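Q: What follows is a structure written as structure tokens; I'll ask about it next.
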Amino acid sequence: MKITKLTTYRLPPRWMFLKIETDEGIVGWGEPVIEGRARTVEAAVIEMGETLIGQDPSRINDIWQTLYRSNFYRGGPILMSAIAGIDQALWDIKGKKLGVPVYELLGGLVRDKMKTYSWVGGDRPDDIVEHMKKLMAVGFDTFKMNGCEEMGIVDTARAVDKAVAKIGEIRSKLGNSVDFGLDFHGRVSAPMAPVLIKELEPFRPLFIEEPVLAEQAEYYPKLAERTFIPIAAGERMFSRFEFKRVFAQGGLSIVQPDLSHAGGITECVKIASMAEAYDIALAPHCPLGPIALASCLHVDFVSRNAVLQEQSMGIHYNQGGEVNDYIKNKDVFKFDNGHIHAMKGPGLGVEIDEEVVIERSKNAPDWHNPVWRHADGAVAEW
């Protein structure tokens, strides 16, 4: 079998799919994208794709290593996201060729179903509580929300009190019937993170995500020493070589690699195994589409330390497109009390509706995240 063609499709709300075709008629799908930089990743995929034509798609490890190591400059979000989508598609092809789900090729199941959580957006506590109650009615009991708005490098007690009051009101209205993680989104500086985390401790969040930016990862162990709240991070790390330094220095309780950013299935299985060696839980990042989610789940199903899976159904970013819009077998992600069962189909297990993909790709928006500024006009972290 040989690779014959690669085709990219930029899609609403902010996704991109990759189709890899072979001379045997077997097709694989991947999801290589950086939110807000889809065209840049697309260019990288096209460049890499020129070297893939005529190659045997079953040699996934060799292709991965060649894409990563054959160029002097490597790593980073763009190149690793391009590799990730290609890698996902190659696993999809191999599973379809052999007639088995990808998790079988990775050694088989360690669990039968995977617990998921749901994002809840909004700034008003009443709106957040109402959204949570609707999701609780269909079986969810675990959520994630933003922990704060923009915050200065050194900010006021008023800013801290505002963030804490919102979380306190949600906890007071729902009690311990729900668990929720708080995503700081890298908005909080090293001086302010311990202040805010300390004030949030009475509300017992499930985890604090990205308490500081990934480039400030040296603060993770320092923050972990000062709180009992588990610290989670990893969506802005892109290879096992970045993760190894963070694991070695300590501080993380939950690691969150993104299967569309961190080198795909091949790389994230290795990152998950490295995390297990350090007794760190796995909760892959996935605010993306159906191929990314399926890829995450295959890694979850073979990783004993996987504890939670993010998924984007109904997320506030999804304007103009939803996960199930692009697949035919819409029951593959059916929730069972907040869990998703192992998919049975070959490859990644999602049947892409190519007609819908082609049609919606004709008017795909160029999504970019908003630019936030502090009151003095300086750029703020979004």
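Starting from 1 in every chain, residues are counted up; chains themselves are A, B, ... following the order of the structure tokens, and ligands are numbered from 1 as listed.
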Compile the contact shell of Asp179 of chain A as a ChimeraX atom specification: residues with an atom at most 10 Å away, counting only C-alpha atoms, same-chain residues fewer than 2 positions apart removed.
A: /A:117,140-144,171,174-177,181,204-207
Q: Write out, as a PDB file, in the first residue's frame, the residues just selected, with N, CA, C and O atoms.
A:
ATOM      1  N   TYR A 117     -15.485  15.218  30.929  1.00  0.00           N
ATOM      2  CA  TYR A 117     -16.046  16.396  31.594  1.00  0.00           C
ATOM      3  C   TYR A 117     -16.493  17.396  30.543  1.00  0.00           C
ATOM      4  O   TYR A 117     -16.130  17.296  29.366  1.00  0.00           O
ATOM      5  N   PHE A 140     -23.745  14.252  33.555  1.00  0.00           N
ATOM      6  CA  PHE A 140     -22.436  14.826  33.870  1.00  0.00           C
ATOM      7  C   PHE A 140     -22.379  15.262  35.335  1.00  0.00           C
ATOM      8  O   PHE A 140     -23.349  15.798  35.878  1.00  0.00           O
ATOM      9  N   ASP A 141     -21.223  15.035  35.950  1.00  0.00           N
ATOM     10  CA  ASP A 141     -21.016  15.544  37.308  1.00  0.00           C
ATOM     11  C   ASP A 141     -19.657  16.238  37.449  1.00  0.00           C
ATOM     12  O   ASP A 141     -19.280  16.646  38.543  1.00  0.00           O
ATOM     13  N   THR A 142     -18.942  16.379  36.326  1.00  0.00           N
ATOM     14  CA  THR A 142     -17.606  16.974  36.346  1.00  0.00           C
ATOM     15  C   THR A 142     -17.505  18.017  35.234  1.00  0.00           C
ATOM     16  O   THR A 142     -17.907  17.757  34.092  1.00  0.00           O
ATOM     17  N   PHE A 143     -16.951  19.170  35.577  1.00  0.00           N
ATOM     18  CA  PHE A 143     -16.946  20.312  34.664  1.00  0.00           C
ATOM     19  C   PHE A 143     -15.611  21.040  34.739  1.00  0.00           C
ATOM     20  O   PHE A 143     -14.796  20.797  35.623  1.00  0.00           O
ATOM     21  N   LYS A 144     -15.432  21.948  33.782  1.00  0.00           N
ATOM     22  CA  LYS A 144     -14.297  22.865  33.827  1.00  0.00           C
ATOM     23  C   LYS A 144     -14.770  24.239  33.415  1.00  0.00           C
ATOM     24  O   LYS A 144     -15.618  24.378  32.535  1.00  0.00           O
ATOM     25  N   ARG A 171     -20.212  26.993  44.150  1.00  0.00           N
ATOM     26  CA  ARG A 171     -20.114  25.891  45.114  1.00  0.00           C
ATOM     27  C   ARG A 171     -21.254  25.947  46.130  1.00  0.00           C
ATOM     28  O   ARG A 171     -21.823  24.912  46.507  1.00  0.00           O
ATOM     29  N   LEU A 174     -24.483  24.524  44.399  1.00  0.00           N
ATOM     30  CA  LEU A 174     -24.492  23.122  43.971  1.00  0.00           C
ATOM     31  C   LEU A 174     -23.858  22.178  44.982  1.00  0.00           C
ATOM     32  O   LEU A 174     -23.954  20.958  44.835  1.00  0.00           O
ATOM     33  N   GLY A 175     -23.186  22.749  45.992  1.00  0.00           N
ATOM     34  CA  GLY A 175     -22.556  21.919  47.004  1.00  0.00           C
ATOM     35  C   GLY A 175     -21.529  20.976  46.420  1.00  0.00           C
ATOM     36  O   GLY A 175     -20.847  21.295  45.448  1.00  0.00           O
ATOM     37  N   ASN A 176     -21.462  19.784  46.998  1.00  0.00           N
ATOM     38  CA  ASN A 176     -20.499  18.788  46.521  1.00  0.00           C
ATOM     39  C   ASN A 176     -21.106  17.809  45.522  1.00  0.00           C
ATOM     40  O   ASN A 176     -20.552  16.735  45.289  1.00  0.00           O
ATOM     41  N   SER A 177     -22.232  18.206  44.910  1.00  0.00           N
ATOM     42  CA  SER A 177     -22.849  17.343  43.903  1.00  0.00           C
ATOM     43  C   SER A 177     -22.088  17.372  42.592  1.00  0.00           C
ATOM     44  O   SER A 177     -22.331  16.542  41.713  1.00  0.00           O
ATOM     45  N   GLY A 181     -12.904  21.644  37.601  1.00  0.00           N
ATOM     46  CA  GLY A 181     -11.554  22.167  37.489  1.00  0.00           C
ATOM     47  C   GLY A 181     -11.618  23.635  37.120  1.00  0.00           C
ATOM     48  O   GLY A 181     -12.576  24.094  36.496  1.00  0.00           O
ATOM     49  N   ARG A 204     -12.451  23.642  47.122  1.00  0.00           N
ATOM     50  CA  ARG A 204     -11.979  22.316  46.737  1.00  0.00           C
ATOM     51  C   ARG A 204     -12.171  22.016  45.243  1.00  0.00           C
ATOM     52  O   ARG A 204     -12.826  21.035  44.882  1.00  0.00           O
ATOM     53  N   PRO A 205     -11.612  22.836  44.386  1.00  0.00           N
ATOM     54  CA  PRO A 205     -11.659  22.496  42.961  1.00  0.00           C
ATOM     55  C   PRO A 205     -10.913  21.201  42.682  1.00  0.00           C
ATOM     56  O   PRO A 205      -9.968  20.838  43.396  1.00  0.00           O
ATOM     57  N   LEU A 206     -11.347  20.512  41.650  1.00  0.00           N
ATOM     58  CA  LEU A 206     -10.743  19.229  41.289  1.00  0.00           C
ATOM     59  C   LEU A 206      -9.292  19.404  40.876  1.00  0.00           C
ATOM     60  O   LEU A 206      -8.439  18.566  41.162  1.00  0.00           O
ATOM     61  N   PHE A 207      -9.003  20.510  40.184  1.00  0.00           N
ATOM     62  CA  PHE A 207      -7.634  20.842  39.794  1.00  0.00           C
ATOM     63  C   PHE A 207      -7.569  22.309  39.411  1.00  0.00           C
ATOM     64  O   PHE A 207      -8.600  22.951  39.154  1.00  0.00           O
TER      65      PHE A 207
END
Q: Using only C-alpha atoms, which residues sit within 10 Å of Ser312 of chain A once same-chain residues fewer than 5 positions away are excluded, as a VMD selection string?
A: chain A and resid 117 to 119 285 to 290 293 317 to 318 322 to 323
Q: For the residues in the current selection, export all heavy atoms as a tab-separated table (two decimals), in the first residue's frame.
A:
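again_4.tsv, written as the output of this step:
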chain	number	residue	atom	x	y	z
A	117	TYR	N	-15.48	15.22	30.93
A	117	TYR	CA	-16.05	16.40	31.59
A	117	TYR	C	-16.49	17.40	30.54
A	117	TYR	O	-16.13	17.30	29.37
A	117	TYR	CB	-15.06	17.02	32.58
A	117	TYR	CG	-13.81	17.64	31.99
A	117	TYR	CD1	-13.82	18.94	31.47
A	117	TYR	CD2	-12.59	16.96	32.00
A	117	TYR	CE1	-12.67	19.52	30.95
A	117	TYR	CE2	-11.44	17.53	31.49
A	117	TYR	CZ	-11.49	18.82	30.98
A	117	TYR	OH	-10.35	19.40	30.47
A	118	SER	N	-17.29	18.33	30.97
A	118	SER	CA	-17.86	19.31	30.04
A	118	SER	C	-17.44	20.72	30.44
A	118	SER	O	-17.41	21.06	31.62
A	118	SER	CB	-19.39	19.21	30.04
A	118	SER	OG	-19.94	20.07	29.06
A	119	TRP	N	-17.10	21.51	29.45
A	119	TRP	CA	-16.81	22.93	29.64
A	119	TRP	C	-18.10	23.68	29.93
A	119	TRP	O	-19.14	23.42	29.34
A	119	TRP	CB	-16.19	23.52	28.38
A	119	TRP	CG	-14.74	23.87	28.50
A	119	TRP	CD1	-13.69	23.14	28.04
A	119	TRP	CD2	-14.18	25.04	29.08
A	119	TRP	NE1	-12.51	23.78	28.30
A	119	TRP	CE2	-12.78	24.96	28.94
A	119	TRP	CE3	-14.74	26.16	29.71
A	119	TRP	CZ2	-11.92	25.95	29.41
A	119	TRP	CZ3	-13.89	27.14	30.18
A	119	TRP	CH2	-12.49	27.03	30.03
A	285	HIS	N	-6.09	17.18	26.57
A	285	HIS	CA	-6.74	18.43	26.17
A	285	HIS	C	-7.45	18.20	24.84
A	285	HIS	O	-6.87	17.65	23.92
A	285	HIS	CB	-5.65	19.50	26.03
A	285	HIS	CG	-6.14	20.84	25.60
A	285	HIS	ND1	-5.92	21.36	24.34
A	285	HIS	CD2	-6.81	21.81	26.28
A	285	HIS	CE1	-6.42	22.58	24.26
A	285	HIS	NE2	-6.97	22.88	25.41
A	286	CYS	N	-8.73	18.64	24.72
A	286	CYS	CA	-9.42	18.43	23.45
A	286	CYS	C	-10.63	19.33	23.31
A	286	CYS	O	-11.78	18.89	23.47
A	286	CYS	CB	-9.85	16.97	23.29
A	286	CYS	SG	-10.46	16.63	21.61
A	287	PRO	N	-10.41	20.61	22.96
A	287	PRO	CA	-11.54	21.49	22.63
A	287	PRO	C	-11.80	21.51	21.13
A	287	PRO	O	-12.23	22.53	20.59
A	287	PRO	CB	-11.04	22.84	23.13
A	287	PRO	CG	-9.58	22.81	22.83
A	287	PRO	CD	-9.15	21.36	22.98
A	288	LEU	N	-11.53	20.40	20.45
A	288	LEU	CA	-11.54	20.33	18.99
A	288	LEU	C	-12.62	19.40	18.48
A	288	LEU	O	-13.63	19.17	19.14
A	288	LEU	CB	-10.14	19.92	18.50
A	288	LEU	CG	-9.03	20.93	18.79
A	288	LEU	CD1	-7.67	20.34	18.46
A	288	LEU	CD2	-9.26	22.23	18.01
A	289	GLY	N	-12.41	18.85	17.29
A	289	GLY	CA	-13.44	18.10	16.58
A	289	GLY	C	-13.41	16.60	16.81
A	289	GLY	O	-12.71	16.09	17.69
A	290	PRO	N	-14.16	15.85	15.99
A	290	PRO	CA	-14.36	14.43	16.24
A	290	PRO	C	-13.13	13.56	16.04
A	290	PRO	O	-12.97	12.55	16.73
A	290	PRO	CB	-15.44	14.05	15.22
A	290	PRO	CG	-15.30	15.07	14.12
A	290	PRO	CD	-14.91	16.34	14.82
A	293	LEU	N	-10.96	14.09	19.13
A	293	LEU	CA	-11.56	13.42	20.29
A	293	LEU	C	-11.37	11.91	20.20
A	293	LEU	O	-11.01	11.26	21.20
A	293	LEU	CB	-13.04	13.78	20.39
A	293	LEU	CG	-13.81	13.11	21.53
A	293	LEU	CD1	-13.18	13.40	22.89
A	293	LEU	CD2	-15.29	13.55	21.51
A	317	TYR	N	-17.03	27.99	22.17
A	317	TYR	CA	-16.27	28.30	20.96
A	317	TYR	C	-16.94	27.77	19.69
A	317	TYR	O	-16.61	28.21	18.59
A	317	TYR	CB	-14.86	27.70	21.04
A	317	TYR	CG	-14.01	28.22	22.17
A	317	TYR	CD1	-13.46	27.34	23.10
A	317	TYR	CD2	-13.74	29.57	22.31
A	317	TYR	CE1	-12.66	27.80	24.14
A	317	TYR	CE2	-12.95	30.04	23.35
A	317	TYR	CZ	-12.41	29.15	24.26
A	317	TYR	OH	-11.63	29.60	25.28
A	318	ASN	N	-17.81	26.80	19.82
A	318	ASN	CA	-18.35	26.09	18.66
A	318	ASN	C	-19.46	26.87	17.98
A	318	ASN	O	-20.64	26.56	18.12
A	318	ASN	CB	-18.84	24.70	19.07
A	318	ASN	CG	-17.71	23.75	19.37
A	318	ASN	OD1	-16.55	24.11	19.26
A	318	ASN	ND2	-18.03	22.54	19.79
A	322	GLU	N	-20.34	21.66	15.07
A	322	GLU	CA	-20.27	20.82	16.27
A	322	GLU	C	-19.62	19.48	15.93
A	322	GLU	O	-19.52	19.11	14.77
A	322	GLU	CB	-21.68	20.59	16.85
A	322	GLU	CG	-22.13	21.64	17.84
A	322	GLU	CD	-21.38	21.56	19.17
A	322	GLU	OE1	-20.66	20.57	19.40
A	322	GLU	OE2	-21.52	22.50	19.97
A	323	VAL	N	-19.20	18.79	16.97
A	323	VAL	CA	-18.47	17.53	16.79
A	323	VAL	C	-19.24	16.56	15.90
A	323	VAL	O	-18.69	15.99	14.95
A	323	VAL	CB	-18.17	16.90	18.17
A	323	VAL	CG1	-17.66	15.46	18.00
A	323	VAL	CG2	-17.15	17.74	18.94
Q: Quick one: DSSP strand (DSSP E or B) residues in segment 154-231 of chain A, as a ChimeraX atom specification?
A: /A:179-183,208-209,231
Q: With C-alpha atoms kept, could you save the residues just selected as a compact mmCIF listing (two decimals), in the first residue's frame?
A:
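Saved file again_26.txt follows:
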# COMPACT_ATOMS: atom_id res chain seq x y z
CA ASP A 179 -16.63 18.53 40.73
CA PHE A 180 -15.01 21.24 38.67
CA GLY A 181 -11.55 22.17 37.49
CA LEU A 182 -10.52 25.80 37.23
CA ASP A 183 -8.59 26.89 34.16
CA ILE A 208 -6.08 24.16 38.84
CA GLU A 209 -5.12 24.22 35.15
CA ILE A 231 -2.03 21.21 39.40
Q: With distances taken over only C-alpha atoms, which residue among A:Glu149, A:Lys162, A:Glu215, A:Met313 lies nearest Ala380 of chain A?
A: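 Distance minimum relative to Ala380 of chain A lands on A:Glu149.
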Q: Fewer than 6 positions away in the same chain doesn't count, so skip those; otherwise give me all residues within 10 Å of Leu67 of chain A, counting only C-alpha atoms, as a ChimeraX atom specification.
A: /A:48-49,51-52,61,74,79-80,82-83,86
Q: Let me make sure I understand: among A:Phe184, A:Trp15, A:Trp372, A:Phe228, which one has the smallest atom-to-atom distance to Val212 of chain A if we use only C-alpha atoms?
A: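 When distances to Val212 of chain A are compared using only C-alpha atoms, the smallest one comes from A:Phe184.
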